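Asks: My questions all concern the structure below.
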Amino acid sequence: MRIRRVEGAFEPTADGKSAVAERGMVASAFPLATAAGVEMLAQGGNAIDAACATGFALAVCEPQASGVGGQSVGVVHFEGRTLAIDGSSRAPSFAHRSLIKLRERRIGYRATTVPSTPATYVWLHRHYGRLDWATVLGPAVRIAKNGYAITQLQHDLQMRELAGCEEVPLRSGARYFLKDGQAYPVGECFRQPDLAAVLELMGQRGGEAFYSGDIAAQIDADMKANDGFLRADDLALIPWPLERKPVARRYRGLRVVTMPPPAAGRTLLLVLMMLNYLTSRFVGARTPDRYHFLAETFRKAFLQRKDRPFDPNTYPQIQDKHMLSRRFASELAATIADSMDAELPLEEPLGADTSDTTHFSVMDVDGNAVAMTQSIERVYGSKVAADGLGFLYNNYMLAFELENPAHPYYLRPNAVPWSTAAPTIVFREKQPWLVLGSPGSERIFSTVSQFLTSVVDASIPIGAAMVEPRFHCTVGGKISLEQERFDPEVVKHLEQLGYTLVPREPFAFHHGCVQAVLRRQTGSGFQGVADVRRDGTAAGPS
């Protein structure tokens, strides 16, 4: 990674994370996962083949963030058609409000929903892929067998989870993801033979093998032995993804297409629609007023998400268009004054930074594009692993409403969890131009919108936009920010307005991990960039 001098301080650029290629591009949060996608493109596969290979590889080499025990959602542009892929997981049939305690939603066998990531990629490949299924799974099997070197980030996350758990850290997952109960040393090879066997079986017998036969029987037995909710009957239904119509709005003449509910694309679009009423010069600047306006935009947009929950599975007859109406966005933007809005509700103090997810972006030479976000919800999910299968169960039970039965995401059998994901494709003149997304829980929409405004309003190349300082503001007015990287005048101004500042380290894990791929307008080919805040890379076939 190169170093450049910016505003009197040394900071990294994304030069070491950027790539240019003529025949397609992949950007993901781990080098081997990026290489898996590039391998598919090099073999004549399309963006969907590359996405499936990348997704399964991330399930192997980024287990703290995702896995076959989690869920995946995305936006796909294929042969001129754009669709949202809702690969949400499902609540197990035995899960009931009266049977689960708050602690059990966070950690342990009762925290998991029905894993849907395998079904999502099976379905995507079957409908839109080009290469053989076993070929697509090949890199993930190889990585699981041969292993990979533990990164500094993974070591640090294991150390944090060890320090932060009152009970035995990672519970049954410790035997798979810790070394003798301790964090793996940086650089040590980490192999996953049990997971390799699962992936190999899926490659031989098809993706449905995860949901039936020996694998389903082992999950069922594991759950029964540990008083979990998930059963073979839940798996046998197979949580196939649903094709949904994406949500889309224009920003500065570009068409921004993203995920509808149960994901959070509406929140991202509302932010952009509000910013669209300001000049591009103002939004692209680094002035104190600009950051105040962004903070208020984040507060008001996320409050609308909380106040307007909508699930097309529960209320298909209702079309909630008010949140994305231009008139509403204009009225909401007009409520932002020179001071902090004291009428918005206060919130509890920020908790520990325990959320994690992963995102990757792909484009191919045929004009196809994929933006996928996959997760096991929190860092290392439920902290328990499938016995003999080597993958962590998710803890998406955290994402259900438990108090209000009228809420669309109230916990009921086969319900889907509420998601903050916002995988996005930006179109220029009806063609995919920029593919992006980020992890980060409720900070996803603010991370993605800051990256987009840097590229579009400040006219910054995507490599430089990736290292712009980031911040986030909660509904209650708490701003977390990479404080050392902000102009002191900006920090002073926000404090004077009444915001509570929560300083983060430079290039904080807390502030997401954008993976972006762009079709170049000058010359030909693609540019990709991976976020400097985590382990990823961008690459294309040579």
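Here's how to read the names in the structure tokens: chain A, B, ... by the order shown, residue numbers from 1 in each chain, ligand numbers from 1 in the order shown.
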For Met159 (chain A), find every residue with an atom within 8 Å (counting only C-alpha atoms), except residues of its own chain fewer than 3 positions away, and show them as a list in words.

Replies: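 The residues that qualify are His155, Asp156, Leu162, Ala163, Gln182 and Ala183 of chain A.
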
Asks: Using the selection just defined, write its residues with N, CA and C atoms as a compact mmCIF listing (two decimals), in the first residue's frame.

Replies:
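again-v8.txt written:
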# COMPACT_ATOMS: atom_id res chain seq x y z
N HIS A 155 -6.93 -12.31 13.30
CA HIS A 155 -6.33 -12.50 14.62
C HIS A 155 -6.90 -11.50 15.62
N ASP A 156 -6.97 -10.23 15.22
CA ASP A 156 -7.47 -9.20 16.12
C ASP A 156 -8.93 -9.44 16.50
N LEU A 162 -12.47 -13.19 22.21
CA LEU A 162 -12.00 -13.88 23.41
C LEU A 162 -12.13 -13.00 24.64
N ALA A 163 -11.78 -11.74 24.49
CA ALA A 163 -11.81 -10.81 25.61
C ALA A 163 -13.23 -10.38 25.96
N GLN A 182 -7.22 -20.51 21.81
CA GLN A 182 -6.61 -19.18 21.67
C GLN A 182 -6.68 -18.72 20.21
N ALA A 183 -6.46 -17.44 20.02
CA ALA A 183 -6.48 -16.88 18.66
C ALA A 183 -5.35 -17.47 17.83

Asks: Using 9 Å as the limit and counting only C-alpha atoms, can you tabulate each residue of region 191-296 of chain A that touches region 448-468 of chain A, with its shortest atom-to-atom distance in Å and the two atoms involved, as a tab-separated table?

Replies:
residue	atom	partner	partner_atom	distance
A:Tyr251	CA	A:Val456	CA	8.9
A:Arg252	CA	A:Val456	CA	7.8
A:Leu268	CA	A:Ser449	CA	6.6
A:Leu269	CA	A:Ser449	CA	8.7
A:Val271	CA	A:Ser449	CA	7.4
A:Leu272	CA	A:Ser449	CA	7.0
A:Thr279	CA	A:Asp457	CA	8.6
A:Ser280	CA	A:Asp457	CA	4.9
A:Arg281	CA	A:Asp457	CA	6.5
A:Phe282	CA	A:Asp457	CA	8.3
A:Val283	CA	A:Asp457	CA	6.3
A:Gly284	CA	A:Ala458	CA	4.1
A:Ala285	CA	A:Ala458	CA	6.7
A:Leu294	CA	A:Gln450	CA	8.8

Asks: Excluding Ser419 (chain A) and residues on its chain fewer than 4 positions from it, collect all residues at most 9 Å away from it, counting only C-alpha atoms, and give them as a ChimeraX atom specification.

Replies: /A:88,261-264,399,441-442

Asks: Given the selection you just returned, output its residues as a file containing C-alpha atoms, formatted as an mmCIF file, in the first residue's frame.

Replies:
data_model
loop_
_atom_site.group_PDB
_atom_site.id
_atom_site.type_symbol
_atom_site.label_atom_id
_atom_site.label_comp_id
_atom_site.auth_asym_id
_atom_site.auth_seq_id
_atom_site.Cartn_x
_atom_site.Cartn_y
_atom_site.Cartn_z
ATOM 1 C CA SER A 88 -33.109 -14.159 3.056
ATOM 2 C CA PRO A 261 -37.205 -4.751 1.648
ATOM 3 C CA PRO A 262 -36.418 -6.766 3.642
ATOM 4 C CA ALA A 263 -33.075 -5.083 2.859
ATOM 5 C CA ALA A 264 -32.299 -1.381 3.329
ATOM 6 C CA ALA A 399 -32.999 -9.357 13.459
ATOM 7 C CA SER A 441 -24.985 -3.150 9.886
ATOM 8 C CA GLU A 442 -26.948 0.130 10.169
#

Asks: What does the distance from CA of Val517 (chain A) to CA of Arg470 (chain A) come to in Å, to one decimal?

Replies: 19.8 Å

Asks: Leaving out region 477-479 of chain A and any residue of its chain fewer than 2 positions from it, which residues lie within 8 Å of it when counting only C-alpha atoms, given as a list of chain:residue names?

Replies: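 With the cut-off at 8 Å, the set is A:Ala295, A:Arg299, A:Leu346, A:Pro349, A:Leu350, A:Phe471, A:His472, A:Cys473, A:Thr474, A:Val475, A:Leu481, A:Tyr499, A:Thr500, A:Leu501, A:Val502.
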
Asks: Create the file for the chosen residues now, containing N, CA and C atoms and written as an mmCIF file, in the first residue's frame.

Replies:
data_model
loop_
_atom_site.group_PDB
_atom_site.id
_atom_site.type_symbol
_atom_site.label_atom_id
_atom_site.label_comp_id
_atom_site.auth_asym_id
_atom_site.auth_seq_id
_atom_site.Cartn_x
_atom_site.Cartn_y
_atom_site.Cartn_z
ATOM 1 N N ALA A 295 -24.969 14.452 8.419
ATOM 2 C CA ALA A 295 -25.365 13.829 9.689
ATOM 3 C C ALA A 295 -26.877 13.880 9.869
ATOM 4 N N ARG A 299 -29.645 10.784 10.015
ATOM 5 C CA ARG A 299 -30.584 10.639 11.137
ATOM 6 C C ARG A 299 -32.018 10.497 10.629
ATOM 7 N N LEU A 346 -33.976 10.211 21.186
ATOM 8 C CA LEU A 346 -32.656 9.825 21.672
ATOM 9 C C LEU A 346 -32.527 8.316 21.662
ATOM 10 N N PRO A 349 -26.557 4.537 24.225
ATOM 11 C CA PRO A 349 -25.186 4.715 23.737
ATOM 12 C C PRO A 349 -24.784 3.601 22.796
ATOM 13 N N LEU A 350 -23.848 3.923 21.904
ATOM 14 C CA LEU A 350 -23.366 2.912 20.968
ATOM 15 C C LEU A 350 -22.789 1.735 21.709
ATOM 16 N N PHE A 471 -17.681 8.778 8.471
ATOM 17 C CA PHE A 471 -18.365 8.955 9.748
ATOM 18 C C PHE A 471 -19.780 8.416 9.609
ATOM 19 N N HIS A 472 -20.448 8.288 10.734
ATOM 20 C CA HIS A 472 -21.842 7.846 10.746
ATOM 21 C C HIS A 472 -22.542 8.549 11.889
ATOM 22 N N CYS A 473 -23.811 8.894 11.683
ATOM 23 C CA CYS A 473 -24.607 9.525 12.735
ATOM 24 C C CYS A 473 -25.863 8.713 12.989
ATOM 25 N N THR A 474 -26.098 8.355 14.255
ATOM 26 C CA THR A 474 -27.293 7.611 14.618
ATOM 27 C C THR A 474 -28.491 8.556 14.705
ATOM 28 N N VAL A 475 -29.676 7.974 14.820
ATOM 29 C CA VAL A 475 -30.881 8.789 14.961
ATOM 30 C C VAL A 475 -30.774 9.698 16.178
ATOM 31 N N LEU A 481 -16.680 8.587 14.144
ATOM 32 C CA LEU A 481 -15.879 9.107 13.035
ATOM 33 C C LEU A 481 -14.409 8.768 13.218
ATOM 34 N N TYR A 499 -23.779 17.363 18.820
ATOM 35 C CA TYR A 499 -23.603 15.941 18.562
ATOM 36 C C TYR A 499 -22.657 15.332 19.598
ATOM 37 N N THR A 500 -22.905 14.082 19.925
ATOM 38 C CA THR A 500 -21.992 13.325 20.775
ATOM 39 C C THR A 500 -21.016 12.589 19.879
ATOM 40 N N LEU A 501 -19.735 12.885 19.990
ATOM 41 C CA LEU A 501 -18.737 12.292 19.112
ATOM 42 C C LEU A 501 -18.132 11.041 19.741
ATOM 43 N N VAL A 502 -18.037 9.992 18.931
ATOM 44 C CA VAL A 502 -17.424 8.730 19.346
ATOM 45 C C VAL A 502 -16.223 8.502 18.435
#

Asks: Based on the backbone DSSP call, show me all residues of region 99-297 of chain A assigned helix (DSSP H, G or I), as a PyMOL selection string.

Replies: chain A and resi 99+102-106+109-111+117-128+133-146+152-164+171-177+193-205+207-211+213-225+232-236+265-275+280-283+288-297

Asks: Hey, which of A:Val384, A:Ala217, A:Ala508, A:Ala516 ends up closest to Gly536 (chain A)? Count only C-alpha atoms.

Replies: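 Between A:Val384, A:Ala217, A:Ala508, A:Ala516, the residue approaching Gly536 (chain A) most closely is A:Ala516.
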